[in-house]
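final.pdb, holding PDB, C-alpha atoms and all ligand atoms:
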```pdb
ATOM      1  CA  MET T   1     -26.513   6.976   6.140
ATOM      2  CA  GLN T   2     -27.279   3.885   8.216
ATOM      3  CA  ILE T   3     -26.069   0.486   6.986
ATOM      4  CA  LYS T   4     -29.097  -1.723   7.692
ATOM      5  CA  ASP T   5     -29.288  -4.806   5.525
ATOM      6  CA  SER T   6     -28.065  -8.230   6.568
ATOM      7  CA  SER T   7     -24.681  -7.718   4.886
ATOM      8  CA  ASN T   8     -21.833  -6.404   6.972
ATOM      9  CA  THR T   9     -19.456  -3.690   5.906
ATOM     10  CA  TYR T  10     -15.829  -3.466   7.008
ATOM     11  CA  CYS T  11     -12.983  -1.197   5.991
ATOM     12  CA  ILE T  12      -9.413  -0.121   6.552
ATOM     13  CA  ILE T  13      -8.402   3.464   7.322
ATOM     14  CA  GLY T  14      -4.935   4.936   6.913
ATOM     15  CA  ASP T  15      -2.793   7.218   4.798
ATOM     16  CA  PRO T  16      -1.482   6.224   2.283
ATOM     17  CA  ILE T  17      -4.054   3.523   1.631
ATOM     18  CA  GLN T  18      -4.352   3.031  -2.136
ATOM     19  CA  HIS T  19      -1.897   0.110  -2.184
ATOM     20  CA  SER T  20      -3.407  -1.704   0.813
ATOM     21  CA  LEU T  21      -3.721  -5.458   0.287
ATOM     22  CA  SER T  22      -6.369  -5.854   2.983
ATOM     23  CA  PRO T  23      -9.438  -5.295   0.732
ATOM     24  CA  ALA T  24      -8.355  -8.089  -1.660
ATOM     25  CA  MET T  25      -7.509 -10.394   1.243
ATOM     26  CA  GLN T  26     -10.645  -9.769   3.331
ATOM     27  CA  ASN T  27     -13.067  -9.774   0.389
ATOM     28  CA  ALA T  28     -11.593 -13.130  -0.693
ATOM     29  CA  ALA T  29     -12.130 -14.383   2.864
ATOM     30  CA  PHE T  30     -15.786 -13.263   2.967
ATOM     31  CA  LYS T  31     -16.418 -14.887  -0.399
ATOM     32  CA  ALA T  32     -14.733 -18.155   0.582
ATOM     33  CA  ALA T  33     -16.701 -18.242   3.847
ATOM     34  CA  GLY T  34     -19.980 -17.560   1.996
ATOM     35  CA  LEU T  35     -20.579 -14.295   3.853
ATOM     36  CA  ASN T  36     -22.450 -11.414   2.276
ATOM     37  CA  SER T  37     -19.936  -8.844   3.531
ATOM     38  CA  SER T  38     -17.674  -6.298   1.936
ATOM     39  CA  TYR T  39     -14.443  -4.518   2.828
ATOM     40  CA  LEU T  40     -13.390  -1.096   1.585
ATOM     41  CA  ALA T  41     -10.364   1.179   1.983
ATOM     42  CA  PHE T  42     -10.616   4.836   3.039
ATOM     43  CA  ARG T  43      -7.839   7.372   3.050
ATOM     44  CA  VAL T  44      -7.940   9.203   6.373
ATOM     45  CA  LYS T  45      -5.389  11.967   6.825
ATOM     46  CA  LYS T  46      -3.784  12.963  10.105
ATOM     47  CA  GLY T  47      -6.097  15.460  11.797
ATOM     48  CA  GLU T  48      -9.226  13.820  10.366
ATOM     49  CA  LEU T  49      -9.125  10.659  12.451
ATOM     50  CA  GLY T  50     -11.632  11.543  15.182
ATOM     51  CA  GLU T  51     -14.181  12.757  12.666
ATOM     52  CA  SER T  52     -13.675   9.687  10.468
ATOM     53  CA  ILE T  53     -14.119   7.223  13.311
ATOM     54  CA  GLY T  54     -17.232   9.193  14.303
ATOM     55  CA  SER T  55     -18.597   8.745  10.770
ATOM     56  CA  LEU T  56     -17.857   5.002  10.792
ATOM     57  CA  ARG T  57     -19.660   4.748  14.122
ATOM     58  CA  ALA T  58     -22.664   6.670  12.736
ATOM     59  CA  THR T  59     -22.920   4.480   9.632
ATOM     60  CA  GLY T  60     -22.949   1.341  11.766
ATOM     61  CA  VAL T  61     -19.844  -0.197  10.215
ATOM     62  CA  SER T  62     -19.324  -3.748  11.560
ATOM     63  CA  GLY T  63     -15.598  -3.395  12.037
ATOM     64  CA  PHE T  64     -12.460  -1.821  10.670
ATOM     65  CA  ASN T  65      -8.695  -2.061  10.469
ATOM     66  CA  ILE T  66      -6.414   0.824  11.281
ATOM     67  CA  THR T  67      -3.042   1.296   9.663
ATOM     68  CA  VAL T  68      -0.215   3.841   9.430
ATOM     69  CA  PRO T  69      -0.206   6.524  10.799
ATOM     70  CA  HIS T  70      -3.194   6.039  13.145
ATOM     71  CA  LYS T  71      -2.502   2.928  15.215
ATOM     72  CA  VAL T  72      -1.746   4.828  18.432
ATOM     73  CA  GLU T  73      -3.804   8.009  17.956
ATOM     74  CA  ALA T  74      -6.983   5.978  17.237
ATOM     75  CA  MET T  75      -7.071   4.725  20.835
ATOM     76  CA  LYS T  76      -8.471   8.141  21.863
ATOM     77  CA  TYR T  77     -11.650   7.550  19.876
ATOM     78  CA  LEU T  78     -12.477   3.922  20.778
ATOM     79  CA  ASP T  79     -14.515   2.534  23.673
ATOM     80  CA  GLU T  80     -13.053  -0.726  24.925
ATOM     81  CA  PHE T  81      -9.671  -2.409  24.665
ATOM     82  CA  ASP T  82      -8.758  -6.058  24.458
ATOM     83  CA  SER T  83      -5.595  -7.029  26.391
ATOM     84  CA  SER T  84      -3.715  -7.254  23.061
ATOM     85  CA  ALA T  85      -4.341  -3.519  22.502
ATOM     86  CA  SER T  86      -3.110  -2.615  25.972
ATOM     87  CA  LYS T  87      -0.004  -4.796  25.614
ATOM     88  CA  ALA T  88       1.096  -3.112  22.388
ATOM     89  CA  ASP T  89      -0.306   0.313  23.284
ATOM     90  CA  ALA T  90      -1.448   0.432  19.663
ATOM     91  CA  VAL T  91      -4.477  -0.946  17.797
ATOM     92  CA  ASN T  92      -5.157  -2.242  14.306
ATOM     93  CA  THR T  93      -8.581  -3.905  14.554
ATOM     94  CA  VAL T  94     -11.923  -2.580  15.773
ATOM     95  CA  HIS T  95     -15.121  -4.583  16.254
ATOM     96  CA  ASN T  96     -18.442  -2.780  16.534
ATOM     97  CA  VAL T  97     -20.410  -4.708  19.151
ATOM     98  CA  SER T  98     -23.879  -3.126  19.418
ATOM     99  CA  GLY T  99     -22.423   0.355  19.065
ATOM    100  CA  ILE T 100     -19.426  -0.225  21.356
ATOM    101  CA  LEU T 101     -16.158   0.036  19.429
ATOM    102  CA  LYS T 102     -13.820  -2.584  20.883
ATOM    103  CA  ALA T 103     -10.143  -2.436  19.829
ATOM    104  CA  TYR T 104      -7.589  -5.190  19.390
ATOM    105  CA  ASN T 105      -4.017  -5.539  18.201
ATOM    106  CA  THR T 106      -3.802  -8.511  15.833
ATOM    107  CA  ASP T 107      -0.266  -7.600  14.671
ATOM    108  CA  ILE T 108       0.944  -9.403  17.813
ATOM    109  CA  TYR T 109      -0.592 -12.675  16.684
ATOM    110  CA  GLY T 110       0.277 -11.957  13.049
ATOM    111  CA  PHE T 111       3.943 -11.604  13.947
ATOM    112  CA  ILE T 112       4.323 -14.585  16.249
ATOM    113  CA  HIS T 113       2.163 -17.164  14.510
ATOM    114  CA  PRO T 114       4.571 -17.836  11.593
ATOM    115  CA  LEU T 115       7.313 -18.471  14.179
ATOM    116  CA  HIS T 116       5.042 -20.866  16.077
ATOM    117  CA  LEU T 117       4.278 -22.677  12.822
ATOM    118  CA  ARG T 118       8.051 -23.207  12.463
ATOM    119  CA  ASN T 119       8.272 -24.519  16.064
ATOM    120  CA  VAL T 120      10.878 -21.919  16.983
ATOM    121  CA  ASN T 121      12.391 -22.537  20.393
ATOM    122  CA  PHE T 122      12.815 -19.147  22.065
ATOM    123  CA  ILE T 123      14.694 -20.382  25.129
ATOM    124  CA  GLY T 124      18.041 -18.608  25.431
ATOM    125  CA  ILE T 125      17.944 -16.895  22.037
ATOM    126  CA  LYS T 126      19.319 -13.451  21.222
ATOM    127  CA  VAL T 127      17.015 -11.252  19.165
ATOM    128  CA  LEU T 128      17.990  -8.274  17.040
ATOM    129  CA  LEU T 129      15.027  -5.982  16.405
ATOM    130  CA  ILE T 130      15.677  -3.258  13.826
ATOM    131  CA  GLY T 131      13.092  -0.482  13.960
ATOM    132  CA  ALA T 132      11.135   1.216  16.705
ATOM    133  CA  GLY T 133       7.880   2.313  15.082
ATOM    134  CA  GLY T 134       4.332   1.069  15.578
ATOM    135  CA  ALA T 135       5.026  -2.443  14.317
ATOM    136  CA  ALA T 136       8.007  -2.824  16.662
ATOM    137  CA  ARG T 137       5.663  -2.215  19.619
ATOM    138  CA  ALA T 138       3.504  -5.177  18.628
ATOM    139  CA  ILE T 139       6.606  -7.291  18.016
ATOM    140  CA  LEU T 140       7.930  -6.579  21.508
ATOM    141  CA  ALA T 141       4.530  -7.438  22.981
ATOM    142  CA  ALA T 142       4.598 -10.731  21.045
ATOM    143  CA  LEU T 143       8.131 -11.562  22.188
ATOM    144  CA  GLU T 144       7.198 -10.821  25.782
ATOM    145  CA  ALA T 145       4.832 -13.775  25.793
ATOM    146  CA  GLU T 146       7.683 -16.128  24.821
ATOM    147  CA  ARG T 147       9.454 -17.102  27.988
ATOM    148  CA  GLY T 148      13.210 -17.564  28.136
ATOM    149  CA  ILE T 149      14.477 -15.131  25.486
ATOM    150  CA  SER T 150      17.998 -14.194  26.529
ATOM    151  CA  GLU T 151      18.097 -10.624  25.148
ATOM    152  CA  VAL T 152      16.424  -8.295  22.664
ATOM    153  CA  ASN T 153      18.740  -5.695  21.137
ATOM    154  CA  ILE T 154      16.918  -2.801  19.516
ATOM    155  CA  ALA T 155      18.417  -0.555  16.838
ATOM    156  CA  ASN T 156      16.682   2.392  15.255
ATOM    157  CA  ARG T 157      17.858   5.185  12.978
ATOM    158  CA  THR T 158      16.394   7.757  15.388
ATOM    159  CA  GLN T 159      17.807   6.859  18.784
ATOM    160  CA  GLY T 160      15.079   8.750  20.687
ATOM    161  CA  LYS T 161      12.413   6.402  19.357
ATOM    162  CA  ALA T 162      14.434   3.335  20.306
ATOM    163  CA  ARG T 163      14.786   4.846  23.781
ATOM    164  CA  ALA T 164      11.011   5.340  24.008
ATOM    165  CA  LEU T 165      10.461   1.713  23.007
ATOM    166  CA  LEU T 166      13.005   0.645  25.598
ATOM    167  CA  GLU T 167      11.095   2.632  28.245
ATOM    168  CA  MET T 168       7.975   0.621  27.326
ATOM    169  CA  SER T 169       9.955  -2.569  27.593
ATOM    170  CA  ARG T 170      11.085  -1.809  31.149
ATOM    171  CA  THR T 171       7.657  -2.889  32.339
ATOM    172  CA  ARG T 172       7.937  -6.090  30.325
ATOM    173  CA  GLN T 173       9.570  -9.372  31.171
ATOM    174  CA  LEU T 174      12.189  -8.973  28.469
ATOM    175  CA  ASN T 175      15.863  -8.123  28.738
ATOM    176  CA  CYS T 176      15.960  -5.279  26.171
ATOM    177  CA  ASN T 177      18.943  -3.116  25.262
ATOM    178  CA  MET T 178      19.413  -0.248  22.872
ATOM    179  CA  ILE T 179      22.253  -0.456  20.368
ATOM    180  CA  THR T 180      23.375   2.099  17.809
ATOM    181  CA  TRP T 181      22.680   1.872  14.081
ATOM    182  CA  ASP T 182      26.410   1.287  13.479
ATOM    183  CA  GLU T 183      26.400  -1.731  15.779
ATOM    184  CA  ILE T 184      23.742  -3.653  13.825
ATOM    185  CA  SER T 185      26.139  -5.931  11.952
ATOM    186  CA  LYS T 186      28.084  -6.706  15.127
ATOM    187  CA  TYR T 187      24.892  -7.868  16.874
ATOM    188  CA  SER T 188      23.398  -9.558  13.813
ATOM    189  CA  ARG T 189      26.261 -12.034  13.629
ATOM    190  CA  LYS T 190      25.364 -13.531  17.000
ATOM    191  CA  ALA T 191      21.573 -13.140  16.794
ATOM    192  CA  GLU T 192      19.366 -16.220  16.414
ATOM    193  CA  LEU T 193      16.367 -14.129  15.361
ATOM    194  CA  ILE T 194      16.771 -10.946  13.291
ATOM    195  CA  VAL T 195      13.704  -8.838  12.555
ATOM    196  CA  ASN T 196      13.406  -5.915  10.178
ATOM    197  CA  ALA T 197      10.594  -3.697  11.443
ATOM    198  CA  THR T 198      11.634  -0.637   9.431
ATOM    199  CA  THR T 199      10.371   0.405   6.014
ATOM    200  CA  ILE T 200      13.781  -0.406   4.478
ATOM    201  CA  GLY T 201      13.228  -2.751   1.560
ATOM    202  CA  MET T 202      10.069  -1.120   0.259
ATOM    203  CA  GLY T 203      12.081   1.232  -1.928
ATOM    204  CA  ASN T 204      15.382   0.900  -3.711
ATOM    205  CA  GLU T 205      17.561   1.160  -0.624
ATOM    206  CA  PRO T 206      20.444  -1.293  -0.271
ATOM    207  CA  GLY T 207      19.645  -4.418   1.792
ATOM    208  CA  LEU T 208      19.734  -4.017   5.531
ATOM    209  CA  LEU T 209      22.506  -6.556   6.169
ATOM    210  CA  ASP T 210      25.175  -8.252   4.106
ATOM    211  CA  TYR T 211      25.071 -12.041   3.950
ATOM    212  CA  GLN T 212      28.407 -12.218   5.848
ATOM    213  CA  ASP T 213      26.701 -10.542   8.805
ATOM    214  CA  ILE T 214      23.959 -13.173   9.077
ATOM    215  CA  ASN T 215      24.439 -16.459  10.898
ATOM    216  CA  LYS T 216      23.398 -19.507   8.867
ATOM    217  CA  ASP T 217      21.485 -20.827  11.898
ATOM    218  CA  ALA T 218      19.498 -17.620  12.327
ATOM    219  CA  ILE T 219      15.877 -16.984  11.479
ATOM    220  CA  VAL T 220      15.541 -13.774   9.516
ATOM    221  CA  TYR T 221      12.148 -12.103   9.505
ATOM    222  CA  ASP T 222      11.344  -9.139   7.268
ATOM    223  CA  ILE T 223       7.950  -7.635   8.042
ATOM    224  CA  VAL T 224       8.077  -5.616   4.813
ATOM    225  CA  TYR T 225       5.731  -7.493   2.471
ATOM    226  CA  ARG T 226       6.081  -5.549  -0.743
ATOM    227  CA  PRO T 227       8.185  -6.744  -2.515
ATOM    228  CA  VAL T 228       7.766 -10.318  -1.267
ATOM    229  CA  ASN T 229      11.475 -11.046  -1.744
ATOM    230  CA  THR T 230      13.351  -8.134  -0.199
ATOM    231  CA  GLU T 231      17.082  -7.797  -0.622
ATOM    232  CA  PHE T 232      17.417  -8.404   3.122
ATOM    233  CA  LEU T 233      15.701 -11.794   2.786
ATOM    234  CA  GLU T 234      17.698 -12.619  -0.342
ATOM    235  CA  ASN T 235      20.917 -11.967   1.591
ATOM    236  CA  ALA T 236      19.635 -14.096   4.480
ATOM    237  CA  LYS T 237      18.866 -16.983   2.136
ATOM    238  CA  TYR T 238      22.323 -16.646   0.596
ATOM    239  CA  ALA T 239      23.785 -16.894   4.108
ATOM    240  CA  GLY T 240      21.862 -20.155   4.598
ATOM    241  CA  ALA T 241      19.409 -18.748   7.157
ATOM    242  CA  ASP T 242      15.703 -19.575   7.405
ATOM    243  CA  VAL T 243      13.453 -16.699   6.417
ATOM    244  CA  VAL T 244       9.981 -15.504   7.369
ATOM    245  CA  TYR T 245       8.204 -13.320   4.820
ATOM    246  CA  GLY T 246       6.324 -10.140   5.656
ATOM    247  CA  TYR T 247       3.243 -11.409   3.854
ATOM    248  CA  GLU T 248       2.943 -14.127   6.505
ATOM    249  CA  MET T 249       2.481 -11.543   9.270
ATOM    250  CA  LEU T 250       0.014  -9.660   7.078
ATOM    251  CA  LEU T 251      -1.920 -12.861   6.427
ATOM    252  CA  TYR T 252      -2.222 -13.913  10.057
ATOM    253  CA  GLN T 253      -3.043 -10.452  11.421
ATOM    254  CA  GLY T 254      -5.821 -10.319   8.810
ATOM    255  CA  ALA T 255      -6.986 -13.827   9.690
ATOM    256  CA  LYS T 256      -7.250 -12.868  13.355
ATOM    257  CA  SER T 257      -9.253  -9.734  12.470
ATOM    258  CA  PHE T 258     -11.601 -11.856  10.365
ATOM    259  CA  GLU T 259     -12.133 -14.269  13.251
ATOM    260  CA  ILE T 260     -12.820 -11.439  15.714
ATOM    261  CA  TRP T 261     -15.436  -9.965  13.382
ATOM    262  CA  THR T 262     -17.149 -13.151  12.218
ATOM    263  CA  GLY T 263     -16.555 -15.680  14.996
ATOM    264  CA  ILE T 264     -15.611 -18.334  12.427
ATOM    265  CA  PRO T 265     -12.199 -19.720  11.396
ATOM    266  CA  ALA T 266     -10.499 -17.665   8.706
ATOM    267  CA  PRO T 267     -10.236 -19.257   5.239
ATOM    268  CA  ILE T 268      -6.453 -18.981   5.241
ATOM    269  CA  TYR T 269      -5.904 -20.565   1.851
ATOM    270  CA  ALA T 270      -8.230 -18.117   0.064
ATOM    271  CA  MET T 271      -6.664 -15.168   1.883
ATOM    272  CA  LYS T 272      -3.124 -16.269   1.049
ATOM    273  CA  LYS T 273      -4.070 -16.837  -2.586
ATOM    274  CA  ALA T 274      -5.527 -13.325  -2.818
ATOM    275  CA  LEU T 275      -2.409 -11.824  -1.251
ATOM    276  CA  LEU T 276       0.153 -13.665  -3.329
ATOM    277  CA  GLY T 277      -1.962 -13.146  -6.426
ATOM    278  CA  THR T 278      -1.323  -9.425  -5.961
ATOM    279  CA  ILE T 279       2.269  -9.313  -4.735
ATOM    280  CA  GLY T 280       3.702 -12.466  -6.325
ATOM    281  CA  GLU T 281       4.993 -15.740  -4.934
ATOM    282  CA  PRO T 282       8.088 -15.939  -2.724
ATOM    283  CA  SER T 283      11.028 -17.597  -4.457
TER     284      SER T 283
HETATM  285  N1  LIG I 301       3.720  -7.578   7.502
HETATM  286  C1  LIG I 301       2.832  -6.912   8.226
HETATM  287  O1  LIG I 301       1.740  -7.400   8.554
HETATM  288  C2  LIG I 301       3.156  -5.539   8.698
HETATM  289  C3  LIG I 301       2.453  -4.961   9.774
HETATM  290  C4  LIG I 301       2.811  -3.677  10.179
HETATM  291  C5  LIG I 301       3.819  -3.005   9.512
HETATM  292  N2  LIG I 301       4.459  -3.596   8.472
HETATM  293  C6  LIG I 301       5.544  -2.911   7.768
HETATM  294  O2  LIG I 301       6.538  -2.602   8.720
HETATM  295  C7  LIG I 301       7.199  -1.384   8.380
HETATM  296  C8  LIG I 301       7.156  -0.448   9.591
HETATM  297  O3  LIG I 301       5.811  -0.143   9.892
HETATM  298  P1  LIG I 301       5.438   0.761  11.166
HETATM  299  O4  LIG I 301       3.975   0.713  11.291
HETATM  300  O5  LIG I 301       6.274   0.417  12.346
HETATM  301  O6  LIG I 301       5.888   2.205  10.625
HETATM  302  P2  LIG I 301       6.395   3.462  11.463
HETATM  303  O7  LIG I 301       5.744   3.500  12.788
HETATM  304  O8  LIG I 301       6.260   4.616  10.542
HETATM  305  O9  LIG I 301       7.958   3.156  11.697
HETATM  306  C9  LIG I 301       8.861   3.168  10.616
HETATM  307  C10 LIG I 301      10.196   2.579  11.046
HETATM  308  O10 LIG I 301      11.054   2.542   9.896
HETATM  309  C11 LIG I 301      12.247   3.306  10.169
HETATM  310  N3  LIG I 301      12.740   3.915   8.932
HETATM  311  C12 LIG I 301      12.003   4.522   7.957
HETATM  312  N4  LIG I 301      12.811   4.926   6.964
HETATM  313  C13 LIG I 301      14.070   4.566   7.302
HETATM  314  C14 LIG I 301      15.351   4.702   6.694
HETATM  315  N5  LIG I 301      15.487   5.290   5.485
HETATM  316  N6  LIG I 301      16.442   4.222   7.325
HETATM  317  C15 LIG I 301      16.298   3.608   8.524
HETATM  318  N7  LIG I 301      15.115   3.433   9.177
HETATM  319  C16 LIG I 301      14.023   3.921   8.565
HETATM  320  C17 LIG I 301      11.821   4.314  11.192
HETATM  321  O11 LIG I 301      12.947   4.830  11.833
HETATM  322  P3  LIG I 301      12.914   6.317  12.453
HETATM  323  O12 LIG I 301      12.284   6.164  13.792
HETATM  324  O13 LIG I 301      14.329   6.697  12.485
HETATM  325  O14 LIG I 301      12.099   7.171  11.521
HETATM  326  C18 LIG I 301      10.927   3.429  12.082
HETATM  327  O15 LIG I 301      11.698   2.585  12.903
HETATM  328  C19 LIG I 301       6.460  -0.866   7.142
HETATM  329  O16 LIG I 301       7.199  -1.272   6.012
HETATM  330  C20 LIG I 301       5.133  -1.584   7.169
HETATM  331  O17 LIG I 301       4.591  -1.763   5.876
HETATM  332  C21 LIG I 301       4.163  -4.851   8.065
END
```
Let's see the structure in the file written out as structure tokens.
Ligand SMILES: NC(=O)c1ccc[n+]([C@@H]2O[C@H](COP(=O)([O-])OP(=O)(O)OC[C@H]3O[C@@H](n4cnc5c(N)ncnc54)[C@H](OP(=O)(O)O)[C@@H]3O)[C@@H](O)[C@H]2O)c1
Amino acid sequence: MQIKDSSNTYCIIGDPIQHSLSPAMQNAAFKAAGLNSSYLAFRVKKGELGESIGSLRATGVSGFNITVPHKVEAMKYLDEFDSSASKADAVNTVHNVSGILKAYNTDIYGFIHPLHLRNVNFIGIKVLLIGAGGAARAILAALEAERGISEVNIANRTQGKARALLEMSRTRQLNCNMITWDEISKYSRKAELIVNATTIGMGNEPGLLDYQDINKDAIVYDIVYRPVNTEFLENAKYAGADVVYGYEMLLYQGAKSFEIWTGIPAPIYAMKKALLGTIGEPS
């Protein structure tokens, strides 16, 4: 089937995908911008990725997002790479430009933009990054562009993955160190920026850090966006710290994808409204 009319079709691929917020957010953006475009979600299992990207190419899809677990594997099946994709060594956005599938990583922008909006001064700060999966790669790439960070301490449940992330960081201009899972609270007390890049908070696990282990002058960033108010963020607020919500990263990565695809500024307000309408307002 060839998609031929003047409307453009976009989608997200991943597994699981049924709870993705991207269709609501991007369809709200197309509507607000007056574009006759639509955005769908497709479940693509591991092992079916090459075939699925081939099908999207054949149907003439205008662009797509890629989510867990395909952000690294997908690079094998795409044609060109923006510098953001190379920096993170992972991709989440693809633009079909006359049959050439060009890949980007908009998680980098999505992560850093909320910190820029808060005018965070990165000079001399100590960062604690918890997690070493796909999102942590984009976060490290984002932090690399901020000059003057004193150190980034990385903790992950599986030490081997933290080590692999550290290997990537050796080529970066960041002073990164690996710490053990048991050392998290020791490092969190002196960190000025604490980031949860694990899935902890999505389920009923206890919060990542106690309020006593969070400095009141710290910025605490949870990239988990469902629920909006994670226990980790609640503890951070109780400690007096500033917080950054996961939905903010989701919003700005989606806004950047929209702008890559359409060439026009993203209707942020409509996108945010669609997101928070689904997951609830932060308190
Ligand atoms: N806000 C946004 O826009 C945005 C964007 C991307 C991702 N995210 C969110 O970020 C989280 C991570 O995504 P990802 O793409 O990096 O996933 P991923 O590649 O699968 O990595 C998952 C991470 O979570 C850790 N983890 C999972 N279960 C754990 C547990 N019970 N205890 C301790 N650590 C655990 C993993 O540690 P191990 O290595 O030990 O397994 C790993 O560091 C997800 O919640 C995702 O929804 C948000």
Subject >> Nearest residue to ligand LIG 301 (chain I) from the set T:Ile260, T:Val94, T:Ala270, T:Ile184 (distances using all atoms listed in the file) >> reply: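 Looking only at the distances to ligand LIG 301 (chain I), the closest residue turns out to be T:Ile184.
Distances here use all atoms listed in the file; by that measure, the residue among T:Asp222, T:Asp242, T:Glu144, T:Glu234 closest to ligand LIG 301 (chain I) is T:Asp222.
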Original post:
Quick one: residues within 12 Å of T:Lys76, only C-alpha atoms counted, chain neighbours fewer than 4 positions away excluded, as a list of chain:residue names?
Top reply: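 In the requested form, the answer reads T:Leu49, T:Gly50, T:Glu51, T:Ile53, T:Gly54, T:His70, T:Lys71, T:Val72, T:Glu80, T:Phe81, T:Asp89, T:Ala90, T:Val91, T:Leu101, T:Ala103.
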**OP:** Go through T:Ile219, T:Ile194, T:Leu115, T:Ile108 one by one, measure the shortest atom-to-atom distance of each to T:Asn153 using all atoms listed in the file, and give the residue with the smallest value.
**Re:**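 Of T:Ile219, T:Ile194, T:Leu115, T:Ile108, the one nearest T:Asn153, counting all atoms listed in the file, is T:Ile194.
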Subject >> Shell of 7 Å around ligand LIG 301 (chain I) (all atoms listed in the file), written as a ChimeraX atom specification >> reply: /T:68-69,107,110,131-136,156-158,161,197-200,202,223-225,246-251,253
Original post:
T:Ala218, T:Val44, T:Ile179, T:Ala28: which is nearest T:Gln159, counting all atoms listed in the file?
Top reply: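 Of T:Ala218, T:Val44, T:Ile179, T:Ala28, the one nearest T:Gln159 is T:Ile179, counting all atoms listed in the file.
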Original post:
How many Å separate atom CA of T:Arg172 from atom CA of T:Val195?
Top reply: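 Pair atom CA of T:Arg172 / atom CA of T:Val195 returns 18.9 Å.
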**OP:** List every protein, DNA or RNA residue with an atom no more than 10 Å from (8.2, -19.6, 19.2) in the file's coordinates, counting only C-alpha atoms, and format the result as a list in words.
**Re:**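 Residues found, by chain and rising number: Ile112, His113, Pro114, Leu115, His116, Leu117, Arg118, Asn119, Val120, Asn121, Phe122, Ile123, Ala142, Leu143, Ala145, Glu146, Arg147 and Ile149 of chain T.
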**OP:** Would you translate the PyMOL selection byres (((chain T and resi 279) around 9) and not hetatm) into the concrete set of residues it matches in this file, as a PyMOL selection string?
**Re:** chain T and resi 21+225-228+247+274-278+280-281
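The smallest atom-to-atom distance between T:Ile12 and any of T:Trp181, T:Leu40, T:Gln212, T:Arg137, using all atoms listed in the file, is found for T:Leu40.
Computed from the coordinates, the atom CA of T:Lys273 to atom CA of T:Phe111 distance equals 19.1 Å.
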Can you give me, as a compact mmCIF listing (two decimals) with C-alpha atoms, in the coordinates of the input, the residues this file yields under the PyMOL selection byres (((chain T and resi 96) around 9) and not hetatm)?
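Printed below is part_0.txt as written:
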```txt
# COMPACT_ATOMS: atom_id res chain seq x y z
CA ARG T 57 -19.66 4.75 14.12
CA GLY T 60 -22.95 1.34 11.77
CA VAL T 61 -19.84 -0.20 10.22
CA SER T 62 -19.32 -3.75 11.56
CA GLY T 63 -15.60 -3.40 12.04
CA PHE T 64 -12.46 -1.82 10.67
CA VAL T 94 -11.92 -2.58 15.77
CA HIS T 95 -15.12 -4.58 16.25
CA VAL T 97 -20.41 -4.71 19.15
CA SER T 98 -23.88 -3.13 19.42
CA GLY T 99 -22.42 0.36 19.07
CA ILE T 100 -19.43 -0.22 21.36
CA LEU T 101 -16.16 0.04 19.43
CA LYS T 102 -13.82 -2.58 20.88
CA ALA T 103 -10.14 -2.44 19.83
CA TRP T 261 -15.44 -9.96 13.38
```
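If all atoms listed in the file are the atoms counted, then among T:Tyr238, T:Tyr10, T:Tyr77, T:Tyr109 the closest residue to T:Lys216 is T:Tyr238.
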Subject >> Distance in Å - atom CA of T:Tyr245 versus atom CA of T:Tyr221 >> reply: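 Separation between atom CA of T:Tyr245 and atom CA of T:Tyr221: 6.2 Å.
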**OP:** Name the residues captured by the PyMOL selection byres (((chain T and resi 34-38) around 12) and not hetatm) when it is applied to the shown file; answer as JSON, numbers by chain.
**Re:** {"T": [3, 5, 6, 7, 8, 9, 10, 11, 12, 22, 23, 24, 25, 26, 27, 28, 29, 30, 31, 32, 33, 39, 40, 41, 61, 62, 63, 64, 258, 261, 262, 263, 264, 266, 267, 270]}
**OP:** Identify, on the basis of only C-alpha atoms, every residue whose closest approach to T:Ile13 does not exceed 6 Å; exclude the query and any residue fewer than 3 positions from it along the same chain; express the result as a ChimeraX atom specification.
**Re:** /T:42-44,66
